[in-house]
>>> print(open('data-v3.cif').read())   # mmCIF, C-alpha atoms and all ligand atoms
data_data
loop_
_atom_site.label_atom_id
_atom_site.label_comp_id
_atom_site.auth_asym_id
_atom_site.auth_seq_id
_atom_site.Cartn_x
_atom_site.Cartn_y
_atom_site.Cartn_z
CA MET D 22 21.10 12.01 -11.79
CA PRO D 23 17.67 12.09 -13.52
CA ASP D 24 15.31 15.03 -13.17
CA LEU D 25 11.64 15.58 -14.01
CA PHE D 26 12.55 16.14 -17.67
CA SER D 27 14.78 13.11 -18.14
CA PRO D 28 13.52 10.45 -20.55
CA PHE D 29 12.47 7.11 -19.10
CA THR D 30 12.62 3.79 -20.92
CA LEU D 31 10.59 0.74 -19.96
CA LYS D 32 10.64 -2.24 -22.33
CA ASP D 33 10.56 -0.81 -25.88
CA ILE D 34 8.85 2.43 -24.85
CA THR D 35 10.72 5.65 -24.09
CA LEU D 36 8.83 8.48 -22.41
CA ARG D 37 10.07 12.00 -23.16
CA ASN D 38 9.99 12.97 -19.46
CA ARG D 39 8.78 11.66 -16.09
CA ILE D 40 5.39 13.40 -16.06
CA VAL D 41 2.29 11.24 -16.39
CA MET D 42 -1.32 12.27 -16.69
CA SER D 43 -2.93 10.02 -14.08
CA PRO D 44 -6.11 8.10 -14.95
CA MET D 45 -9.23 10.09 -14.19
CA THR D 46 -12.84 9.03 -14.66
CA MET D 47 -14.70 11.65 -16.69
CA TYR D 48 -18.37 10.51 -16.64
CA ASN D 49 -18.77 11.64 -20.24
CA SER D 50 -19.45 8.50 -22.25
CA VAL D 51 -22.48 7.10 -23.98
CA ASP D 52 -22.54 3.28 -24.22
CA GLY D 53 -19.03 3.31 -22.74
CA LYS D 54 -17.55 4.99 -25.84
CA LEU D 55 -14.96 7.73 -26.23
CA ASP D 56 -15.69 10.64 -28.57
CA ASP D 57 -14.66 14.23 -29.44
CA TYR D 58 -14.79 15.20 -25.75
CA HIS D 59 -12.02 12.73 -24.91
CA VAL D 60 -10.00 13.45 -28.06
CA SER D 61 -9.90 17.13 -27.22
CA TYR D 62 -9.26 16.70 -23.49
CA LEU D 63 -6.57 14.03 -23.76
CA GLY D 64 -5.03 15.52 -26.91
CA ALA D 65 -4.59 18.82 -25.06
CA ARG D 66 -2.63 17.14 -22.26
CA ALA D 67 -0.39 15.35 -24.77
CA ALA D 68 0.16 18.70 -26.52
CA GLY D 69 0.92 20.25 -23.14
CA GLY D 70 3.99 18.09 -22.60
CA PHE D 71 2.79 15.10 -20.53
CA ALA D 72 4.87 12.09 -21.53
CA LEU D 73 2.35 9.35 -20.79
CA VAL D 74 -1.35 10.05 -21.06
CA PHE D 75 -4.04 7.94 -19.40
CA GLY D 76 -7.74 8.42 -19.95
CA GLU D 77 -9.85 6.91 -17.23
CA GLN D 78 -10.33 3.48 -15.70
CA MET D 79 -11.75 1.57 -18.68
CA ALA D 80 -14.31 -1.00 -17.63
CA ILE D 81 -13.79 -4.57 -18.82
CA THR D 82 -17.54 -5.28 -18.51
CA PRO D 83 -20.58 -2.96 -18.44
CA ASP D 84 -21.10 -3.60 -14.71
CA GLY D 85 -17.44 -2.75 -14.14
CA ARG D 86 -18.18 0.95 -14.65
CA THR D 87 -18.65 3.47 -11.88
CA THR D 88 -21.74 4.97 -13.54
CA THR D 89 -23.59 4.35 -16.80
CA SER D 90 -21.78 7.41 -18.21
CA CYS D 91 -18.32 5.89 -17.70
CA ALA D 92 -16.12 4.49 -20.44
CA GLY D 93 -15.02 0.96 -21.20
CA LEU D 94 -13.51 -1.46 -23.66
CA TRP D 95 -15.72 -4.52 -23.32
CA SER D 96 -16.90 -4.51 -26.93
CA ASP D 97 -15.27 -4.28 -30.36
CA ASP D 98 -17.43 -1.32 -31.34
CA GLN D 99 -15.67 0.73 -28.64
CA ILE D 100 -12.26 0.30 -30.28
CA GLU D 101 -12.71 3.15 -32.76
CA GLY D 102 -12.98 5.85 -30.05
CA HIS D 103 -9.87 4.50 -28.33
CA ALA D 104 -8.00 4.46 -31.64
CA ARG D 105 -8.77 8.16 -32.07
CA ILE D 106 -7.30 8.87 -28.62
CA CYS D 107 -4.16 6.85 -29.39
CA ALA D 108 -3.69 8.68 -32.69
CA ILE D 109 -3.94 12.22 -31.25
CA VAL D 110 -1.79 11.40 -28.20
CA LYS D 111 0.97 9.93 -30.41
CA ARG D 112 0.74 12.82 -32.86
CA MET D 113 1.41 15.20 -29.97
CA GLY D 114 4.52 13.25 -28.98
CA ALA D 115 3.19 11.36 -25.94
CA VAL D 116 2.58 7.67 -25.30
CA PRO D 117 -1.06 6.52 -25.00
CA ALA D 118 -1.80 4.44 -21.91
CA ILE D 119 -4.88 2.54 -20.82
CA GLN D 120 -6.01 1.58 -17.32
CA LEU D 121 -8.22 -1.52 -17.29
CA GLY D 122 -10.44 -2.14 -14.33
CA HIS D 123 -13.68 -3.24 -12.75
CA THR D 124 -15.37 -1.19 -10.05
CA GLY D 125 -16.69 -4.21 -8.13
CA ARG D 126 -18.75 -3.11 -5.13
CA LYS D 127 -18.16 0.57 -5.92
CA GLY D 128 -20.24 0.58 -9.10
CA SER D 129 -23.84 1.66 -9.81
CA GLU D 130 -23.11 5.23 -8.72
CA VAL D 131 -24.33 8.69 -9.65
CA PRO D 132 -21.60 10.92 -11.20
CA PRO D 133 -20.20 12.86 -8.21
CA HIS D 134 -20.95 16.26 -9.76
CA LYS D 135 -24.61 15.23 -10.14
CA ALA D 136 -25.11 13.62 -6.72
CA THR D 137 -27.62 15.30 -4.49
CA ASN D 138 -26.99 13.36 -1.30
CA ALA D 139 -25.77 15.12 1.79
CA GLU D 140 -22.19 13.92 1.29
CA GLY D 141 -22.28 15.29 -2.25
CA THR D 142 -20.36 12.33 -3.64
CA TRP D 143 -20.24 8.60 -4.16
CA LYS D 144 -24.00 8.16 -4.10
CA GLN D 145 -24.98 4.64 -5.10
CA LEU D 146 -28.15 3.77 -7.02
CA PRO D 147 -30.28 0.76 -6.09
CA PRO D 148 -30.16 -2.22 -8.47
CA ASP D 149 -33.69 -1.53 -9.76
CA ASP D 150 -32.86 2.05 -10.85
CA LEU D 151 -32.62 2.55 -14.63
CA ASP D 152 -28.95 3.53 -14.17
CA GLY D 153 -28.23 1.03 -11.41
CA TRP D 154 -27.20 -2.61 -11.17
CA THR D 155 -26.26 -5.26 -8.61
CA CYS D 156 -22.58 -4.90 -7.87
CA VAL D 157 -20.23 -7.87 -7.73
CA ALA D 158 -17.53 -8.47 -5.13
CA PRO D 159 -15.35 -11.21 -3.62
CA SER D 160 -17.89 -11.56 -0.78
CA ALA D 161 -21.45 -10.41 -0.23
CA VAL D 162 -20.31 -7.44 1.85
CA PRO D 163 -21.45 -3.97 0.69
CA TYR D 164 -18.87 -1.18 0.88
CA GLY D 165 -20.91 0.56 3.55
CA GLY D 166 -19.56 4.10 3.35
CA GLY D 167 -21.23 6.92 1.45
CA GLY D 168 -24.56 5.12 1.11
CA HIS D 169 -23.17 1.95 -0.51
CA ILE D 170 -25.66 -0.24 1.27
CA TYR D 171 -27.31 -2.31 -1.44
CA PRO D 172 -26.74 -6.08 -1.50
CA VAL D 173 -23.75 -7.19 -3.59
CA HIS D 174 -23.31 -10.48 -5.42
CA GLU D 175 -20.47 -12.79 -4.36
CA LEU D 176 -18.57 -13.91 -7.46
CA SER D 177 -18.40 -17.65 -8.14
CA VAL D 178 -15.09 -19.15 -9.29
CA ASP D 179 -16.51 -19.49 -12.84
CA GLU D 180 -17.45 -15.81 -12.78
CA ILE D 181 -13.93 -14.87 -11.62
CA LYS D 182 -12.46 -16.85 -14.53
CA GLY D 183 -14.88 -15.04 -16.85
CA LEU D 184 -13.59 -11.69 -15.60
CA HIS D 185 -10.02 -12.75 -16.32
CA ARG D 186 -11.08 -13.56 -19.89
CA ALA D 187 -12.75 -10.13 -20.02
CA TYR D 188 -9.43 -8.51 -18.98
CA ALA D 189 -7.62 -10.37 -21.75
CA ASP D 190 -10.27 -9.47 -24.35
CA ALA D 191 -10.08 -5.79 -23.36
CA ALA D 192 -6.26 -5.94 -23.55
CA ARG D 193 -6.46 -7.37 -27.07
CA ARG D 194 -8.80 -4.50 -28.06
CA ALA D 195 -6.42 -2.00 -26.42
CA LEU D 196 -3.61 -3.33 -28.58
CA ASP D 197 -5.78 -3.04 -31.72
CA ALA D 198 -6.59 0.56 -30.76
CA GLY D 199 -2.90 1.48 -30.57
CA TYR D 200 -2.15 1.72 -26.84
CA GLU D 201 1.48 1.14 -25.88
CA TRP D 202 1.18 0.93 -22.08
CA LEU D 203 -1.36 -1.01 -20.01
CA GLU D 204 -2.10 -0.56 -16.30
CA MET D 205 -4.33 -2.89 -14.28
CA HIS D 206 -6.39 -1.00 -11.68
CA TYR D 207 -6.04 -2.83 -8.37
CA ALA D 208 -6.63 0.16 -6.09
CA HIS D 209 -9.27 2.55 -4.73
CA GLY D 210 -11.74 -0.02 -3.42
CA TYR D 211 -12.51 -1.45 -6.86
CA LEU D 212 -12.59 -5.16 -7.60
CA GLY D 213 -8.84 -5.88 -7.44
CA ALA D 214 -8.47 -3.83 -4.26
CA SER D 215 -11.40 -5.58 -2.63
CA PHE D 216 -10.00 -9.05 -3.39
CA PHE D 217 -6.80 -7.97 -1.61
CA SER D 218 -8.43 -6.44 1.46
CA PRO D 219 -9.68 -8.60 4.35
CA LEU D 220 -12.30 -5.89 4.93
CA ALA D 221 -14.00 -6.86 1.66
CA ASN D 222 -12.76 -10.40 1.04
CA ARG D 223 -14.19 -12.97 3.47
CA ARG D 224 -13.88 -15.94 1.11
CA THR D 225 -12.78 -19.32 2.37
CA ASP D 226 -11.79 -20.75 -1.03
CA ALA D 227 -8.56 -20.28 -3.04
CA TYR D 228 -9.30 -16.55 -3.51
CA GLY D 229 -9.57 -15.59 0.17
CA GLY D 230 -7.83 -15.92 3.53
CA SER D 231 -4.04 -15.93 3.25
CA VAL D 232 -2.23 -13.13 1.44
CA GLU D 233 -1.27 -15.64 -1.28
CA ASN D 234 -4.97 -16.36 -1.83
CA ARG D 235 -6.02 -12.70 -1.69
CA MET D 236 -3.59 -11.87 -4.50
CA ARG D 237 -4.62 -14.81 -6.71
CA PHE D 238 -7.21 -12.69 -8.55
CA HIS D 239 -4.49 -10.19 -9.49
CA LEU D 240 -1.92 -12.75 -10.62
CA GLU D 241 -4.42 -14.64 -12.77
CA ALA D 242 -5.63 -11.42 -14.38
CA LEU D 243 -2.03 -10.38 -15.07
CA ASP D 244 -1.27 -13.78 -16.62
CA ALA D 245 -4.36 -13.56 -18.83
CA VAL D 246 -3.42 -10.08 -20.02
CA ARG D 247 0.26 -10.90 -20.54
CA GLU D 248 -0.77 -13.66 -22.95
CA VAL D 249 -2.22 -11.10 -25.37
CA TRP D 250 -0.22 -7.99 -24.43
CA PRO D 251 3.18 -8.01 -26.18
CA GLU D 252 6.38 -8.22 -24.15
CA LYS D 253 7.67 -5.07 -25.87
CA TYR D 254 5.01 -2.92 -24.16
CA PRO D 255 4.93 -2.14 -20.42
CA LEU D 256 2.39 -3.97 -18.28
CA THR D 257 1.95 -2.12 -15.00
CA MET D 258 -0.57 -1.95 -12.16
CA ARG D 259 -1.86 0.49 -9.59
CA LEU D 260 -2.09 -1.21 -6.20
CA GLY D 261 -4.15 -0.16 -3.23
CA CYS D 262 -1.22 -0.97 -0.96
CA ASP D 263 -2.64 0.24 2.37
CA ASP D 264 -6.18 0.60 3.71
CA LEU D 265 -5.00 2.70 6.69
CA HIS D 266 -7.16 0.43 8.83
CA PRO D 267 -6.00 -2.24 11.30
CA ASP D 268 -8.19 -4.93 9.72
CA GLY D 269 -7.63 -3.93 6.09
CA THR D 270 -4.84 -4.22 3.54
CA GLN D 271 -1.44 -3.93 5.22
CA PHE D 272 1.55 -2.47 3.43
CA GLU D 273 3.81 -5.43 4.31
CA ASP D 274 1.40 -7.73 2.43
CA SER D 275 1.61 -5.37 -0.53
CA LEU D 276 5.37 -5.83 -0.71
CA LEU D 277 4.77 -9.58 -1.06
CA ALA D 278 2.10 -8.99 -3.71
CA VAL D 279 4.26 -6.70 -5.85
CA ARG D 280 7.12 -9.22 -5.64
CA ALA D 281 4.79 -11.98 -6.85
CA MET D 282 3.42 -9.78 -9.63
CA LYS D 283 6.96 -8.99 -10.74
CA ASP D 284 7.51 -12.74 -11.12
CA HIS D 285 4.36 -12.78 -13.29
CA GLY D 286 5.68 -10.17 -15.72
CA LEU D 287 4.83 -6.86 -14.02
CA ASP D 288 7.05 -4.02 -15.29
CA LEU D 289 6.22 -1.14 -12.89
CA ALA D 290 4.15 -0.64 -9.73
CA ASP D 291 2.07 2.51 -9.26
CA LEU D 292 1.31 2.72 -5.52
CA SER D 293 -1.89 4.19 -4.15
CA LEU D 294 -4.33 3.63 -1.30
CA GLY D 295 -6.77 0.75 -0.85
CA PHE D 296 -9.87 2.84 -0.16
CA ASN D 297 -11.76 -0.24 0.99
CA THR D 298 -13.32 1.71 3.84
CA ASP D 299 -14.20 5.28 4.74
CA GLU D 300 -12.88 4.64 8.25
CA MET D 301 -9.20 5.37 7.72
CA THR D 302 -6.77 6.05 10.56
CA ASN D 303 -5.18 9.50 10.18
CA PRO D 304 -5.96 9.99 6.47
CA PRO D 305 -2.98 11.92 5.05
CA PHE D 306 -4.80 13.89 2.35
CA GLY D 307 -3.21 17.20 3.30
CA GLU D 308 0.37 15.88 3.07
CA VAL D 309 2.69 16.43 0.10
CA GLY D 310 3.53 13.22 -1.78
CA PHE D 311 2.23 10.92 0.91
CA MET D 312 2.53 7.77 -1.25
CA VAL D 313 6.18 8.38 -2.13
CA GLY D 314 7.64 6.71 0.98
CA ARG D 315 5.73 3.48 0.40
CA ALA D 316 6.51 3.55 -3.34
CA ASN D 317 10.19 3.97 -2.57
CA ARG D 318 10.16 0.97 -0.24
CA VAL D 319 8.67 -1.11 -3.05
CA ARG D 320 11.38 0.22 -5.40
CA ARG D 321 14.18 -0.70 -2.99
CA GLU D 322 12.84 -3.93 -1.52
CA VAL D 323 11.23 -5.48 -4.59
CA GLY D 324 13.58 -3.99 -7.17
CA ILE D 325 11.02 -2.76 -9.67
CA PRO D 326 10.40 0.74 -11.13
CA VAL D 327 7.66 2.61 -9.29
CA ALA D 328 5.30 5.55 -9.68
CA ALA D 329 3.13 7.50 -7.26
CA SER D 330 0.50 10.21 -7.33
CA TRP D 331 -1.07 12.31 -4.55
CA ASN D 332 -0.11 15.93 -3.89
CA LEU D 333 2.90 16.16 -6.19
CA GLY D 334 1.60 19.11 -8.22
CA VAL D 335 4.16 21.65 -6.98
CA PRO D 336 6.96 21.42 -9.60
CA GLN D 337 9.77 21.53 -7.01
CA ASN D 338 8.23 18.55 -5.19
CA ALA D 339 7.72 16.54 -8.37
CA ASP D 340 11.29 17.25 -9.46
CA ARG D 341 12.74 16.40 -6.06
CA VAL D 342 11.22 12.90 -5.86
CA ILE D 343 12.77 12.09 -9.25
CA ARG D 344 16.17 13.70 -8.52
CA GLU D 345 16.42 11.84 -5.21
CA GLU D 346 15.51 8.67 -7.12
CA LEU D 347 12.67 7.94 -4.72
CA ILE D 348 10.30 7.08 -7.57
CA ASP D 349 10.62 6.78 -11.35
CA LEU D 350 7.46 8.50 -12.61
CA VAL D 351 5.22 11.22 -11.19
CA PHE D 352 1.50 10.72 -11.79
CA LEU D 353 -0.54 13.93 -11.73
CA GLY D 354 -4.33 13.87 -11.37
CA ARG D 355 -5.85 17.20 -10.37
CA PRO D 356 -2.87 19.24 -11.67
CA ALA D 357 -3.48 17.71 -15.12
CA LEU D 358 -7.15 18.61 -14.88
CA SER D 359 -6.50 22.20 -13.88
CA ASN D 360 -3.55 22.93 -16.20
CA PRO D 361 -3.17 21.07 -19.51
CA HIS D 362 0.26 22.70 -19.87
CA TRP D 363 1.48 21.75 -16.39
CA PRO D 364 4.79 20.31 -17.74
CA ILE D 365 5.66 23.60 -19.49
CA TRP D 366 4.71 25.61 -16.43
CA ALA D 367 6.88 23.28 -14.32
CA ALA D 368 9.80 23.70 -16.72
CA MET D 369 9.47 27.49 -16.41
CA GLU D 370 9.26 27.29 -12.62
CA LEU D 371 12.28 25.00 -12.41
CA GLY D 372 14.39 27.23 -14.66
CA HIS D 373 14.71 24.75 -17.52
CA ASN D 374 16.83 26.26 -20.30
CA ASP D 375 14.31 25.36 -23.02
CA PRO D 376 10.77 24.89 -21.70
CA PHE D 377 9.42 24.86 -25.25
CA HIS D 378 11.13 21.57 -26.02
CA LEU D 379 7.94 20.16 -24.52
CA VAL D 380 5.62 21.42 -27.24
CA GLN D 381 5.32 20.58 -30.90
CA ASP D 382 8.23 21.73 -33.08
CA ASP D 383 6.12 24.16 -35.09
CA TRP D 384 4.77 25.98 -32.03
CA ALA D 385 8.15 25.78 -30.34
CA TRP D 386 9.80 27.56 -33.28
CA TRP D 387 7.52 30.56 -32.86
CA LEU D 388 7.73 30.61 -29.12
CA ARG D 389 11.52 30.46 -29.11
CA ASN D 390 12.19 32.86 -31.96
CA PHE D 391 9.44 35.45 -31.93
CA ARG D 392 9.57 36.75 -28.39
CA GLY D 393 10.05 40.53 -28.74
CA HIS D 394 8.36 41.16 -25.41
CA ALA D 395 8.81 37.70 -23.91
CA PRO D 396 6.47 38.12 -20.91
CA SER D 397 3.59 38.83 -23.31
CA ILE D 398 3.65 35.56 -25.20
CA GLY D 399 1.19 33.91 -22.85
CA TRP D 400 3.30 31.44 -20.94
CA PRO D 401 4.02 31.86 -17.24
CA THR D 402 7.16 33.99 -17.01
CA ALA D 403 9.55 34.33 -14.12
CA ALA D 404 9.37 37.73 -12.40
CA ALA D 405 13.03 38.42 -13.23
CA GLU D 406 12.33 37.97 -16.91
CA VAL D 407 9.35 40.33 -16.74
CA ALA D 408 11.58 42.99 -15.14
CA ALA D 409 14.21 42.50 -17.85
CA HIS D 410 11.62 43.34 -20.49
CA GLU D 411 10.16 46.52 -19.03
CA ARG D 412 10.37 48.23 -22.41
CA PRO D 413 9.05 46.33 -25.44
CA ALA D 414 11.82 45.29 -27.82
CA PRO D 415 11.50 46.31 -31.50
CA GLN D 416 9.19 44.06 -33.49
CA ARG D 417 10.67 41.47 -35.80
CA ARG D 418 9.25 41.15 -39.27
CA VAL D 419 6.80 38.27 -39.61
CA ALA D 420 7.72 36.10 -42.58
C1 LIG K 501 -11.84 13.38 -11.27
C2 LIG K 501 -10.93 12.26 -10.83
C3 LIG K 501 -11.14 10.98 -11.33
C4 LIG K 501 -10.27 9.94 -10.99
N1 LIG K 501 -10.44 8.70 -11.57
C5 LIG K 501 -9.49 7.74 -11.39
C6 LIG K 501 -9.49 6.55 -12.17
O1 LIG K 501 -10.33 6.35 -13.08
N2 LIG K 501 -8.52 5.64 -11.92
C7 LIG K 501 -7.56 5.83 -10.95
O2 LIG K 501 -6.71 4.97 -10.75
N3 LIG K 501 -7.53 6.97 -10.22
C8 LIG K 501 -8.44 7.93 -10.45
N4 LIG K 501 -8.35 9.13 -9.78
C9 LIG K 501 -7.19 9.36 -8.87
C10 LIG K 501 -6.05 10.06 -9.63
O3 LIG K 501 -5.56 9.27 -10.70
C11 LIG K 501 -4.89 10.40 -8.70
O4 LIG K 501 -4.31 9.20 -8.24
C12 LIG K 501 -5.34 11.24 -7.51
O5 LIG K 501 -6.14 12.33 -7.93
C13 LIG K 501 -4.13 11.77 -6.72
O6 LIG K 501 -3.30 12.55 -7.54
P1 LIG K 501 -3.30 14.17 -7.46
O7 LIG K 501 -2.96 14.55 -6.06
O8 LIG K 501 -2.24 14.58 -8.46
O9 LIG K 501 -4.68 14.63 -7.87
C14 LIG K 501 -9.21 10.18 -10.09
C15 LIG K 501 -9.03 11.46 -9.55
C16 LIG K 501 -9.87 12.50 -9.94
C17 LIG K 501 -9.62 13.88 -9.39
#
>>> encode(input="data-v3.cif", output="structure tokens")
Amino acid sequence: MPDLFSPFTLKDITLRNRIVMSPMTMYNSVDGKLDDYHVSYLGARAAGGFALVFGEQMAITPDGRTTTSCAGLWSDDQIEGHARICAIVKRMGAVPAIQLGHTGRKGSEVPPHKATNAEGTWKQLPPDDLDGWTCVAPSAVPYGGGGHIYPVHELSVDEIKGLHRAYADAARRALDAGYEWLEMHYAHGYLGASFFSPLANRRTDAYGGSVENRMRFHLEALDAVREVWPEKYPLTMRLGCDDLHPDGTQFEDSLLAVRAMKDHGLDLADLSLGFNTDEMTNPPFGEVGFMVGRANRVRREVGIPVAASWNLGVPQNADRVIREELIDLVFLGRPALSNPHWPIWAAMELGHNDPFHLVQDDWAWWLRNFRGHAPSIGWPTAAAEVAAHERPAPQRRVA
């Protein structure tokens, strides 16, 4: 039976455990590039024991960003920053992963921490603002929620084909940079999610209407990427598999879509919500692991490895969903933000016999062997261990 610390192999890549740093947009780029900020932030998570480390959704075109301070990989001069990330993540023993995406009708925003609107988040800028642009979408239907009211441009078929080429070009650059895992972002109300959802996609051509047509964008993008992305590396996707709205994406359709994507070379499905509307029925945001049930159905019914995020940051919960073989990988968003050493903390909490196997050998040597008063070394320590060390042990000589 696997547990949270069991290795996981997909294609030619073996992860050292099941803990993934989930993609998170950081709003800290100039001209879409990655720099010291990202090296330090992502390097720290790799050093902290995460097995697979994602940066943020990397835009395949400039207008595929959320804000003008978001990162991308639409140009060769952005490769260098990505290569630095891949190098530090590998040096710290983790696998570097990239999420490619396009924000569609949820672009042209203000970074949430800088928004001054009443909602405090997701404020959209008008197309004529210096930091704004006209968003693109399957149909000329603005998102609507959170002030997303500006007109959007309906993509022509030629423009859709151009975006598929942009996916492939970004994938080729990702390979040059040194990434070993590629996830397509088809969730959270961005372009892929909006092609899949009848709330956003009102097209009457080959890209709209039936579920087969609404998943055409995804399959063609996957095919384009698979042509340049080697078979030895995992190609995965995050799907907005449910809009929690009677007229939006339905989970049963998502089962069909994942099955079709598997036939097109998909190696793992990471299940999340559609977020194509603010008007969700009974949003489950307070529930532990609320995507796990749907992910498990995909695992069983489609027969493909799966991952999920959402409220899995309590170590016992993360461990349980792996032990019960409900999902294969646990994606952590906010826990990775708040604690770069979450995996080590989890190992301590779960009573792992060697939590320091998760850090670099040189640090691990000191932490295992030079522990006179173990509770003082700076890692979370179980209460029982603190009690056992009430009196400091004699110091060892430092070599
Ligand atoms: C600051 C922040 C930025 C995020 N940006 C992305 C993103 O770029 N791509 C994505 O797929 N999900 C993004 N997410 C969602 C997370 O990857 C994750 O799915 C979500 O936070 C739920 O996991 P959690 O409960 O462990 O936080 C973001 C979440 C946060 C908190």
>>> closest_atom_pairs(input="data-v3.cif", of="chain D", to="ligand LIG 501 (chain K)", cutoff="6 Å", atoms="all atoms listed in the file", output="tab-separated table")
residue	atom	partner	partner_atom	distance
D:Ser43	CA	K:LIG501	O3	4.3
D:Pro44	CA	K:LIG501	O3	4.4
D:Met45	CA	K:LIG501	N1	3.2
D:Thr46	CA	K:LIG501	N1	3.9
D:Glu77	CA	K:LIG501	O1	4.2
D:Gln78	CA	K:LIG501	O1	3.9
D:Ser330	CA	K:LIG501	O6	4.5
D:Trp331	CA	K:LIG501	O7	3.3
D:Asn332	CA	K:LIG501	O7	3.8
D:Leu333	CA	K:LIG501	O8	5.8
D:Gly334	CA	K:LIG501	O8	5.9
D:Leu353	CA	K:LIG501	O8	3.7
D:Gly354	CA	K:LIG501	O9	3.6
D:Arg355	CA	K:LIG501	O9	3.8
D:Pro356	CA	K:LIG501	O8	5.7
>>> closest_residue(input="data-v3.cif", among="D:Asp197, D:Asp288, D:Glu130, D:Asp24", to="D:Gly102", atoms="all atoms listed in the file")
D:Asp197
>>> atom_distance(input="data-v3.cif", atom1="atom CA of D:Ile119", atom2="atom CA of D:Ala68")
17.9 Å
>>> atom_distance(input="data-v3.cif", atom1="atom CA of D:Met369", atom2="atom CA of D:Phe26")
11.8 Å
>>> residues_around(input="data-v3.cif", residues="stretch 70-74 of chain D", least_positions_apart="5", cutoff="7 Å", atoms="all atoms listed in the file", output="PyMOL selection string")
chain D and resi 36-42+115-118+362+364-365+379-380
>>> atom_distance(input="data-v3.cif", atom1="atom CA of D:Gln381", atom2="atom CA of D:Ala408")
28.1 Å
>>> residues_around(input="data-v3.cif", residues="D:Ala329", least_positions_apart="5", cutoff="10 Å", atoms="all atoms listed in the file", output="short mmCIF file (atom, residue, chain, number, x, y, z; two decimals) with C-alpha atoms, in the frame of the given file")
data_model
loop_
_atom_site.label_atom_id
_atom_site.label_comp_id
_atom_site.auth_asym_id
_atom_site.auth_seq_id
_atom_site.Cartn_x
_atom_site.Cartn_y
_atom_site.Cartn_z
CA VAL D 41 2.29 11.24 -16.39
CA SER D 43 -2.93 10.02 -14.08
CA ARG D 259 -1.86 0.49 -9.59
CA ALA D 290 4.15 -0.64 -9.73
CA ASP D 291 2.07 2.51 -9.26
CA LEU D 292 1.31 2.72 -5.52
CA SER D 293 -1.89 4.19 -4.15
CA GLY D 310 3.53 13.22 -1.78
CA PHE D 311 2.23 10.92 0.91
CA MET D 312 2.53 7.77 -1.25
CA VAL D 313 6.18 8.38 -2.13
CA GLY D 314 7.64 6.71 0.98
CA ARG D 315 5.73 3.48 0.40
CA ALA D 316 6.51 3.55 -3.34
CA ASN D 317 10.19 3.97 -2.57
CA VAL D 342 11.22 12.90 -5.86
CA LEU D 347 12.67 7.94 -4.72
CA ILE D 348 10.30 7.08 -7.57
CA ASP D 349 10.62 6.78 -11.35
CA LEU D 350 7.46 8.50 -12.61
CA VAL D 351 5.22 11.22 -11.19
CA PHE D 352 1.50 10.72 -11.79
CA LEU D 353 -0.54 13.93 -11.73
#
>>> residues_around(input="data-v3.cif", residues="D:Arg186", least_positions_apart="5", cutoff="10 Å", atoms="all atoms listed in the file", output="compact mmCIF listing (two decimals) with C-alpha atoms, in the coordinates of the input")
# COMPACT_ATOMS: atom_id res chain seq x y z
CA ILE D 81 -13.79 -4.57 -18.82
CA GLU D 180 -17.45 -15.81 -12.78
CA ILE D 181 -13.93 -14.87 -11.62
CA ALA D 191 -10.08 -5.79 -23.36
CA ALA D 192 -6.26 -5.94 -23.55
CA GLU D 241 -4.42 -14.64 -12.77
CA ALA D 242 -5.63 -11.42 -14.38
CA ALA D 245 -4.36 -13.56 -18.83
CA VAL D 246 -3.42 -10.08 -20.02
>>> closest_residue(input="data-v3.cif", among="D:Arg344, D:Glu204, D:Leu94, D:Glu233", to="D:Leu287", atoms="all atoms listed in the file")
D:Glu204
>>> closest_residue(input="data-v3.cif", among="D:Pro23, D:Gly53, D:Pro361, D:Gly261", to="D:His206", atoms="all atoms listed in the file")
D:Gly261
>>> closest_residue(input="data-v3.cif", among="D:Thr88, D:His209, D:Phe29, D:Trp95", to="D:Asp150", atoms="only C-alpha atoms")
D:Thr88
>>> closest_residue(input="data-v3.cif", among="D:Ala385, D:Phe306, D:Phe238, D:Val327", to="D:Gly183", atoms="all atoms listed in the file")
D:Phe238
>>> decode(input="data-v3.cif", residues="stretch 376-393 of chain D", atoms="C-alpha atoms", output="PDB file, in the first residue's frame")
ATOM      1  CA  PRO D 376      11.811  12.839   8.157  1.00  0.00           C
ATOM      2  CA  PHE D 377      15.190  14.199   7.102  1.00  0.00           C
ATOM      3  CA  HIS D 378      15.354  11.866   4.121  1.00  0.00           C
ATOM      4  CA  LEU D 379      13.413  14.687   2.473  1.00  0.00           C
ATOM      5  CA  VAL D 380      16.204  17.255   2.641  1.00  0.00           C
ATOM      6  CA  GLN D 381      19.579  17.424   0.979  1.00  0.00           C
ATOM      7  CA  ASP D 382      22.113  14.825   2.168  1.00  0.00           C
ATOM      8  CA  ASP D 383      24.471  17.411   3.649  1.00  0.00           C
ATOM      9  CA  TRP D 384      21.789  19.059   5.796  1.00  0.00           C
ATOM     10  CA  ALA D 385      20.280  15.688   6.623  1.00  0.00           C
ATOM     11  CA  TRP D 386      23.616  14.465   8.008  1.00  0.00           C
ATOM     12  CA  TRP D 387      23.721  17.303  10.531  1.00  0.00           C
ATOM     13  CA  LEU D 388      20.089  17.059  11.434  1.00  0.00           C
ATOM     14  CA  ARG D 389      20.255  13.313  12.025  1.00  0.00           C
ATOM     15  CA  ASN D 390      23.582  13.181  13.836  1.00  0.00           C
ATOM     16  CA  PHE D 391      23.947  16.400  15.781  1.00  0.00           C
ATOM     17  CA  ARG D 392      20.771  16.491  17.816  1.00  0.00           C
ATOM     18  CA  GLY D 393      21.937  16.779  21.452  1.00  0.00           C
TER      19      GLY D 393
END
